[in-house]
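Each remark here refers to the structure printed beneath this line.
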Amino acid sequence: MMKMKMKCFNCFNCFYTKRRDRSSRKTNKSSSKVSEEPPVHTLTSQTNPQHEQQSKQDCKAEAVPKEDAVVLKEWSFKTSGSSIADGKTGRMTARPQSVNAKEPNKSSEKGDMTDREEQRSLAKRRESKENGTYRLKRKNSMTQEKDSRKSSTTSSKKITLNRPRRQLKKDLIPNPEVFHKIDTHAINAGRELRSRKIFSVQAITKTITGGAISDLDKLRAIWIWLCHYIEYDVKGYLGLSKMVCSPEQVILTGRAVCSGYSSVCLQMCREAGIECREVSGHSKGAAYQLGQSYRNNDSDHSWNAVFLDGQWHLLDACWGAGYVDTDKQVFIKRYKEFYFLTDPEDFIDSHYPEEDEWQLLESPIGIEEFEKRVLKKPDFYTLNLTLIHPKHSLIVTENGEATVSMSFPQLVHFTYQISQLSGKKPQELSKSMGFLTSTQNSMKLRIMPPKPGMYELELFARTGNTSEIFNWICSFQLECPSPKTSEELPENPHVCWGLQPDATSLGLEPCNYGNDIISLESGSFRLVLNTTRTLMVLCELSHKNLDKTLSKKCLAIQTEPDQLTCSVLCPYYGYYRLSVFVRDWANEADSFENAGNFLLHCTGGAVNLNELFPSGLSGSCGPGIKTQEAGLCEFSHTEALVYTQEGKCDITFQNPKDIDLLCKLTKEQCDQPPSQTTLSNHVLFTHNGSKVTMSINLPESGVYRLTLFGKTSFQQEFTFLCDYILKNTSANKWPPFPCMYNAWKKGCVLYEPQVGRLEASSWVKFRVHVPGAQRVSVHGDESVDLQLSESGVWEGKAFTGRGPQLKLAATLSETPNMITTLMTFSVVKPNEK
């Protein structure tokens, strides 16, 4: 029994063990339980008693049947029968078969071959093996099989050169949905037969294939019945119960190991008139370890080959039915369409037959090549992936780095897992040692192991633009003789670097940054993404030394109708992750989706912590969507960052809707909060028709935040419009502007003096334009009326006196009996400046 367990383990179709089943955490319970009671009906297959006894002995000796010999046989048949025959020779095609395989009926449907014929067949097989002629007869058998398919009037060489293209599965079955009716009938009929306790091969086959016309339809019904009503015999394999071997017991109990599936498939195909063979060989199942050798080992699995439309095809009902959770020691029913009539070029990745002919390849591969081939899972083919590099499962790093690349016709999302192979159990490592980039049609993964050793790399994928689970697609073994001496990359919870391959569906156009590492030598970076529709954006910056509060001071976002801009400051050297999230501007209920993740590498010019962006910046820095909605346009400074080397500047724009404007200027101090009131006096609004000028005088060098607000006549409060970031490198200390009041309306212009602090006991010239004013005066120790010039400007001189304040006032047409203060000036002594 120990030998049996060792040999049968890989027939577990566990493509997703507990450790590897990251594609799904759901456990499907079996949909049907088989009663152990004896069947009520007595319809059974007409088997030969001695043949059945021999089958049981073989099962007891080996968990997976093995073909002991190959015998070439010829027989006659009725042309109206259901067996497939060579149309020219009038003989059944000769093929290798298992010793337990029963021959198709000759010319009637009355039963099996006689006991005498069966005994003679078995005796010949034993004699053949004892005389050492096993290989010779097998080759002769396959040679005659090939010869039987050739035309008698055409040379062998000519046939080989002009052999028609092999029919692929996609040609034979464009879409599995064509079998919907057959599949439904097979499942429902199988359930009915179970409820009636009918376990006869003949009865089941006849019922489930009822209505099927072609051999393909019949085979499909048999396949579906096997996958849905036979479960893997986990307890039998583990020795917890008697192992079920014979086809009759398999059908009765609904349990089987791999050989049970293949033997029942063989008998059912015989009953349906479909030529079928059992194939034994090696497989990459649950016990498979990357890099393991199969040489000098016995076969560990069995499956089937069927002859349809002049070609042999492969199928594995054991792996198509589900998989075994080896940790929980239970069978998980999960149907896999992939293993039905699988193309030989794909089947060979996981199934290696004892006989090279059953590879069904024009150029069969050797066992060494099979060991090297990449372990690919069904979803690899379902997603139409093509592996570009590497060609074998073992990857050796070059300069501490290894690469995996794939292509695909439609969008696919990827993720991966890296584990170090040390000790008894692989140790899962951080994804920061990998750099995954993907486009609409290709993927590239760069792996940079942190230290020497052996690693396991597992890749997972799902259809793009879906929320499906990621399914395991392939695995590699990674050997790193010498690691790459580099800093560890930041964690990327979104896996893919660069612009996401489906970013176009989110409203972004392809960018110019590519998917490689972006090297920075200045400590700053400006990411510009063009959009196809108006978007709202959020950004996130990550570095090993950055906390959340500090990272926010490293980002400034400008949102425009057709463009998103993110300005980044890097206060430390090393790698940064810049993640971008977007949603439609108008749909506030929508959640933000990751649109891209850019890897920045700051190698020089790190920014001083005191020169980062101001705190509390909005997602609308600089002119953008909000200013456009307010009607403001033609900004002199279209970017969010304004640099001044003099300490003063003017920002102009058009205000055609004539909305009320307000601004706030703030500067953070290291040891105290920003002064709101004082700094606001360093901004002066000037309205000249629809043109607005914001004049800014900065009191010292540093970084400032200028926030603009607006209010229409229909609004009661001012609303936020945008933020400007002012960077002043000048040592000049400019004084504030006068303090303006609400009466200083649009159209008012202060020509002189444009400073808010006046020297005491001095004469100051005033020149102002005040629309609708009947009288303009200056009030201090003395009051002085200004005179209206021909150009419409009120002019005159006023004495500041001892202060402390000088007021500019006016009598307006709407309030002719009142004097209204327009602005005030501070009067200071020379030593108080």
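Note on naming: chains are A, B, ... as they come in the structure tokens, residues start from 1 per chain, ligands start from 1 in the order shown.
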Quiz item: Neighbours of Phe635 of chain A within 9 Å (only C-alpha atoms; same-chain residues fewer than 5 positions away dropped), as an NGL selection string?
Solution: :A and (623 or 651-654)
Self-check item: Residues near segment 418-422 of chain A, cut-off 9 Å, only C-alpha atoms, skip fewer than 6 positions along chain, as number ranges by chain
Solution: A: 428-431, 433-434, 453-459
Got time to write the residues from that selection, N, CA, C and O atoms, as a short mmCIF file (atom, residue, chain, number, x, y, z; two decimals), in the first residue's frame?
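Once written, out_19.cif looks like this:
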```cif
data_model
loop_
_atom_site.label_atom_id
_atom_site.label_comp_id
_atom_site.auth_asym_id
_atom_site.auth_seq_id
_atom_site.Cartn_x
_atom_site.Cartn_y
_atom_site.Cartn_z
N GLU A 428 6.68 33.35 2.54
CA GLU A 428 6.19 34.38 1.62
C GLU A 428 6.90 35.71 1.89
O GLU A 428 7.05 36.13 3.04
N LEU A 429 7.33 36.36 0.81
CA LEU A 429 8.07 37.61 0.92
C LEU A 429 7.24 38.78 0.41
O LEU A 429 6.20 38.61 -0.21
N SER A 430 7.76 39.99 0.68
CA SER A 430 7.09 41.20 0.25
C SER A 430 7.15 41.34 -1.27
O SER A 430 8.12 40.93 -1.91
N LYS A 431 6.10 41.95 -1.84
CA LYS A 431 6.08 42.22 -3.28
C LYS A 431 7.03 43.34 -3.66
O LYS A 431 7.20 43.64 -4.84
N MET A 433 10.06 43.35 -3.77
CA MET A 433 11.21 42.86 -4.53
C MET A 433 10.85 42.63 -5.99
O MET A 433 11.68 42.15 -6.76
N GLY A 434 9.64 43.00 -6.37
CA GLY A 434 9.19 42.84 -7.75
C GLY A 434 8.73 44.16 -8.34
O GLY A 434 8.28 45.06 -7.62
N GLY A 453 19.81 32.65 -2.90
CA GLY A 453 18.98 31.52 -2.51
C GLY A 453 18.02 31.11 -3.61
O GLY A 453 18.07 31.60 -4.74
N MET A 454 17.13 30.18 -3.25
CA MET A 454 16.11 29.68 -4.16
C MET A 454 14.76 30.27 -3.78
O MET A 454 14.42 30.35 -2.59
N TYR A 455 13.98 30.64 -4.79
CA TYR A 455 12.68 31.27 -4.57
C TYR A 455 11.63 30.61 -5.46
O TYR A 455 11.96 30.03 -6.51
N GLU A 456 10.38 30.72 -5.04
CA GLU A 456 9.26 30.28 -5.86
C GLU A 456 8.42 31.50 -6.24
O GLU A 456 8.06 32.31 -5.38
N LEU A 457 8.16 31.64 -7.53
CA LEU A 457 7.37 32.75 -8.04
C LEU A 457 6.08 32.22 -8.62
O LEU A 457 6.09 31.39 -9.53
N GLU A 458 4.95 32.68 -8.09
CA GLU A 458 3.63 32.27 -8.57
C GLU A 458 2.90 33.49 -9.12
O GLU A 458 2.84 34.53 -8.46
N LEU A 459 2.35 33.36 -10.31
CA LEU A 459 1.63 34.44 -10.95
C LEU A 459 0.14 34.14 -10.97
O LEU A 459 -0.28 32.99 -11.16
#
```
Practice problem: Once DSSP has gone over the backbone, tell me which residues of segment 521-617 of chain A are in strand (DSSP E), as a ChimeraX atom specification. | Solution: /A:524-530,535-542,555-560,563-569,574-584,593-602
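In this model, the gap between atom CA of Leu698 of chain A and atom CA of Phe613 of chain A comes to 16.5 Å.
Near Gly236 of chain A, within 10 Å and counting only C-alpha atoms, sit Lys5, Tyr232, Asp233, Gly239, Leu240, Ser241, Lys242, Met243, Val244, Cys245, Arg255, Ala256 and Val257 of chain A; same-chain residues fewer than 3 positions away were not included.
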Quiz prompt | Near-Ala189 of chain A list (10 Å; only C-alpha atoms; drop same-chain fewer than 3 positions) as JSON, numbers by chain | solution = {"A": [183, 184, 185, 186, 192, 193, 194, 195, 204, 207, 208, 209, 210, 225]}
Could those residues be written to a file, using all heavy atoms, as a short mmCIF file (atom, residue, chain, number, x, y, z; two decimals), in the first residue's frame?
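Written file, result_19.cif:
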```cif
data_model
loop_
_atom_site.label_atom_id
_atom_site.label_comp_id
_atom_site.auth_asym_id
_atom_site.auth_seq_id
_atom_site.Cartn_x
_atom_site.Cartn_y
_atom_site.Cartn_z
N ASP A 183 -25.21 19.21 -21.94
CA ASP A 183 -24.73 19.22 -20.55
C ASP A 183 -25.90 19.15 -19.58
O ASP A 183 -25.87 18.40 -18.60
CB ASP A 183 -23.93 20.50 -20.29
CG ASP A 183 -22.63 20.54 -21.08
OD1 ASP A 183 -22.30 19.52 -21.72
OD2 ASP A 183 -21.97 21.59 -21.09
N THR A 184 -26.92 19.93 -19.85
CA THR A 184 -28.09 19.94 -18.95
C THR A 184 -28.77 18.59 -18.92
O THR A 184 -29.14 18.09 -17.85
CB THR A 184 -29.09 21.02 -19.42
OG1 THR A 184 -28.44 22.29 -19.46
CG2 THR A 184 -30.28 21.09 -18.49
N HIS A 185 -28.89 17.97 -20.09
CA HIS A 185 -29.52 16.65 -20.15
C HIS A 185 -28.69 15.62 -19.39
O HIS A 185 -29.24 14.80 -18.63
CB HIS A 185 -29.69 16.21 -21.60
CG HIS A 185 -30.13 14.77 -21.73
ND1 HIS A 185 -31.42 14.37 -21.44
CD2 HIS A 185 -29.45 13.65 -22.12
CE1 HIS A 185 -31.52 13.06 -21.64
NE2 HIS A 185 -30.33 12.60 -22.05
N ALA A 186 -27.37 15.64 -19.56
CA ALA A 186 -26.51 14.67 -18.89
C ALA A 186 -26.58 14.82 -17.38
O ALA A 186 -26.63 13.82 -16.64
CB ALA A 186 -25.07 14.82 -19.38
N GLU A 192 -31.43 11.68 -12.10
CA GLU A 192 -32.58 10.79 -12.10
C GLU A 192 -32.14 9.33 -11.94
O GLU A 192 -32.75 8.56 -11.19
CB GLU A 192 -33.35 10.97 -13.41
CG GLU A 192 -34.52 10.01 -13.61
CD GLU A 192 -35.64 10.20 -12.59
OE1 GLU A 192 -35.70 11.30 -11.96
OE2 GLU A 192 -36.46 9.28 -12.41
N LEU A 193 -31.07 8.94 -12.64
CA LEU A 193 -30.58 7.57 -12.53
C LEU A 193 -30.09 7.28 -11.12
O LEU A 193 -30.30 6.17 -10.60
CB LEU A 193 -29.46 7.34 -13.54
CG LEU A 193 -29.87 7.35 -15.02
CD1 LEU A 193 -28.65 7.37 -15.92
CD2 LEU A 193 -30.73 6.12 -15.33
N ARG A 194 -29.46 8.22 -10.49
CA ARG A 194 -29.00 8.04 -9.12
C ARG A 194 -30.18 7.84 -8.17
O ARG A 194 -30.15 6.99 -7.28
CB ARG A 194 -28.18 9.25 -8.68
CG ARG A 194 -26.73 9.23 -9.15
CD ARG A 194 -25.93 8.19 -8.37
NE ARG A 194 -24.57 8.07 -8.89
CZ ARG A 194 -23.54 8.77 -8.42
NH1 ARG A 194 -23.74 9.64 -7.46
NH2 ARG A 194 -22.35 8.58 -8.93
N SER A 195 -31.20 8.67 -8.37
CA SER A 195 -32.37 8.55 -7.48
C SER A 195 -33.08 7.20 -7.66
O SER A 195 -33.64 6.65 -6.72
CB SER A 195 -33.34 9.70 -7.76
OG SER A 195 -33.88 9.61 -9.07
N ILE A 204 -26.66 3.84 -18.05
CA ILE A 204 -26.28 5.24 -17.87
C ILE A 204 -25.84 5.86 -19.19
O ILE A 204 -26.27 6.95 -19.57
CB ILE A 204 -25.17 5.36 -16.81
CG1 ILE A 204 -25.69 4.93 -15.44
CG2 ILE A 204 -24.64 6.79 -16.76
CD1 ILE A 204 -24.63 4.89 -14.36
N THR A 207 -28.73 6.42 -21.54
CA THR A 207 -29.64 7.48 -21.11
C THR A 207 -29.03 8.86 -21.31
O THR A 207 -29.67 9.77 -21.84
CB THR A 207 -30.01 7.29 -19.63
OG1 THR A 207 -30.59 6.00 -19.45
CG2 THR A 207 -30.99 8.36 -19.17
N ILE A 208 -27.80 9.04 -20.86
CA ILE A 208 -27.21 10.39 -20.93
C ILE A 208 -26.85 10.79 -22.36
O ILE A 208 -26.76 11.99 -22.66
CB ILE A 208 -25.97 10.50 -20.02
CG1 ILE A 208 -24.85 9.57 -20.50
CG2 ILE A 208 -26.33 10.23 -18.57
CD1 ILE A 208 -23.57 9.70 -19.71
N THR A 209 -26.64 9.81 -23.24
CA THR A 209 -26.33 10.14 -24.64
C THR A 209 -27.57 10.13 -25.51
O THR A 209 -27.46 10.28 -26.73
CB THR A 209 -25.30 9.15 -25.22
OG1 THR A 209 -25.85 7.81 -25.16
CG2 THR A 209 -23.99 9.22 -24.45
N GLY A 210 -28.73 9.96 -24.90
CA GLY A 210 -29.96 9.95 -25.66
C GLY A 210 -30.17 11.28 -26.38
O GLY A 210 -30.08 12.36 -25.78
N TRP A 225 -21.03 13.82 -17.31
CA TRP A 225 -21.50 12.91 -16.27
C TRP A 225 -20.34 12.51 -15.33
O TRP A 225 -20.49 12.52 -14.11
CB TRP A 225 -22.11 11.65 -16.91
CG TRP A 225 -22.69 10.71 -15.88
CD1 TRP A 225 -23.97 10.70 -15.40
CD2 TRP A 225 -21.99 9.64 -15.21
NE1 TRP A 225 -24.12 9.71 -14.46
CE2 TRP A 225 -22.92 9.04 -14.33
CE3 TRP A 225 -20.70 9.16 -15.27
CZ2 TRP A 225 -22.58 7.97 -13.51
CZ3 TRP A 225 -20.34 8.10 -14.45
CH2 TRP A 225 -21.27 7.51 -13.59
#
```
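Excluding Asp316 of chain A itself and any same-chain residue fewer than 5 positions from it, the protein and nucleic acid residues within 8 Å of it, counting only C-alpha atoms, are Ser262, Trp303, Asn304, Tyr339 and Phe340 of chain A.
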Export, as a PDB file, in the first residue's frame, the selected residues with N, CA, C and O atoms.
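For reference, again10.pdb as written:
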```
ATOM      1  N   SER A 262     -10.584   7.122 -15.664  1.00  0.00           N
ATOM      2  CA  SER A 262     -10.214   6.748 -17.025  1.00  0.00           C
ATOM      3  C   SER A 262     -10.841   5.422 -17.458  1.00  0.00           C
ATOM      4  O   SER A 262     -11.230   5.265 -18.623  1.00  0.00           O
ATOM      5  N   TRP A 303      -5.161   8.983 -17.869  1.00  0.00           N
ATOM      6  CA  TRP A 303      -6.197   9.793 -18.498  1.00  0.00           C
ATOM      7  C   TRP A 303      -6.658   9.072 -19.760  1.00  0.00           C
ATOM      8  O   TRP A 303      -6.385   7.888 -19.936  1.00  0.00           O
ATOM      9  N   ASN A 304      -7.342   9.762 -20.654  1.00  0.00           N
ATOM     10  CA  ASN A 304      -7.926   9.100 -21.818  1.00  0.00           C
ATOM     11  C   ASN A 304      -7.568   9.811 -23.118  1.00  0.00           C
ATOM     12  O   ASN A 304      -7.310  11.017 -23.131  1.00  0.00           O
ATOM     13  N   TYR A 339      -9.808  20.683 -19.508  1.00  0.00           N
ATOM     14  CA  TYR A 339      -9.301  19.320 -19.671  1.00  0.00           C
ATOM     15  C   TYR A 339     -10.169  18.456 -20.583  1.00  0.00           C
ATOM     16  O   TYR A 339      -9.949  17.260 -20.683  1.00  0.00           O
ATOM     17  N   PHE A 340     -11.119  19.076 -21.262  1.00  0.00           N
ATOM     18  CA  PHE A 340     -11.932  18.364 -22.241  1.00  0.00           C
ATOM     19  C   PHE A 340     -11.379  18.630 -23.636  1.00  0.00           C
ATOM     20  O   PHE A 340     -11.392  19.762 -24.124  1.00  0.00           O
TER      21      PHE A 340
END
```
Shell of 7 Å around Trp472 of chain A, only C-alpha atoms, local chain residues under 4 positions omitted, as a compact mmCIF listing (two decimals) with N, CA, C and O atoms, in the first residue's frame:
```
# COMPACT_ATOMS: atom_id res chain seq x y z
N SER A 23 -6.60 32.03 -5.51
CA SER A 23 -7.58 32.50 -6.49
C SER A 23 -8.99 32.39 -5.96
O SER A 23 -9.89 33.05 -6.44
N LYS A 377 -1.41 26.67 -15.59
CA LYS A 377 -2.72 26.25 -15.12
C LYS A 377 -3.79 26.52 -16.17
O LYS A 377 -3.58 27.28 -17.12
N LEU A 459 2.35 33.36 -10.31
CA LEU A 459 1.63 34.44 -10.95
C LEU A 459 0.14 34.14 -10.97
O LEU A 459 -0.28 32.99 -11.16
N PHE A 460 -0.66 35.19 -10.79
CA PHE A 460 -2.11 35.09 -10.79
C PHE A 460 -2.67 36.14 -11.74
O PHE A 460 -2.06 37.20 -11.94
N ALA A 461 -3.83 35.87 -12.32
CA ALA A 461 -4.40 36.79 -13.30
C ALA A 461 -5.91 36.69 -13.30
O ALA A 461 -6.49 35.72 -12.81
```
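When only C-alpha atoms are used to compute distances to Ser551 of chain A, the closest of the residues A:Lys451, A:His228, A:Arg270, A:Arg577 turns out to be A:Arg577.
Atom CA of Met536 of chain A is found 8.5 Å from atom CA of Phe592 of chain A.
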Quiz item: Which of these residues is nearest to Phe331 of chain A, using only C-alpha atoms: A:Asn655, A:Met268, A:Lys235, A:Asp516?
Solution: A:Lys235
Exercise. List every residue of segment 574-739 of chain A that DSSP, applied to the backbone of this structure, assigns to helix (DSSP H, G or I), and report them as number ranges by chain.
Key: A: 609-611, 625-629, 676-680
Given the selection you just returned, output its residues as a file containing N, CA and C atoms, formatted as a compact mmCIF listing (two decimals), in the first residue's frame.
```txt
# COMPACT_ATOMS: atom_id res chain seq x y z
N LEU A 609 13.00 70.30 4.37
CA LEU A 609 11.68 70.12 4.98
C LEU A 609 10.96 71.46 5.18
N ASN A 610 11.69 72.56 5.31
CA ASN A 610 11.06 73.87 5.49
C ASN A 610 10.58 74.47 4.17
N GLU A 611 10.87 73.79 3.06
CA GLU A 611 10.49 74.32 1.75
C GLU A 611 9.43 73.45 1.07
N ILE A 625 -10.93 73.57 -12.91
CA ILE A 625 -12.36 73.38 -13.16
C ILE A 625 -13.20 74.34 -12.34
N LYS A 626 -12.85 74.56 -11.06
CA LYS A 626 -13.66 75.42 -10.21
C LYS A 626 -13.62 76.88 -10.66
N THR A 627 -12.45 77.37 -11.03
CA THR A 627 -12.38 78.75 -11.51
C THR A 627 -13.12 78.90 -12.84
N GLN A 628 -13.06 77.85 -13.66
CA GLN A 628 -13.78 77.89 -14.94
C GLN A 628 -15.29 77.93 -14.69
N GLU A 629 -15.77 77.11 -13.75
CA GLU A 629 -17.19 77.12 -13.44
C GLU A 629 -17.64 78.48 -12.89
N GLN A 676 -3.16 85.07 9.95
CA GLN A 676 -4.19 85.22 8.92
C GLN A 676 -4.43 86.69 8.57
N THR A 677 -4.57 87.55 9.59
CA THR A 677 -4.99 88.93 9.36
C THR A 677 -3.88 89.76 8.72
N THR A 678 -2.72 89.68 9.31
CA THR A 678 -1.63 90.51 8.84
C THR A 678 -1.27 90.20 7.40
N LEU A 679 -1.15 88.92 7.06
CA LEU A 679 -0.72 88.55 5.72
C LEU A 679 -1.79 88.87 4.68
N SER A 680 -3.04 88.87 5.04
CA SER A 680 -4.08 89.21 4.07
C SER A 680 -3.93 90.63 3.57
```
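Residue nearest Gln311 of chain A, chosen from A:Met406, A:Ala773, A:Leu168, A:Leu788 and counting only C-alpha atoms: A:Leu168.
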Quiz prompt | From A:Lys336, A:Lys197, A:Lys807, A:Lys484, residue lying nearest Met448 of chain A [only C-alpha atoms] | solution = A:Lys484
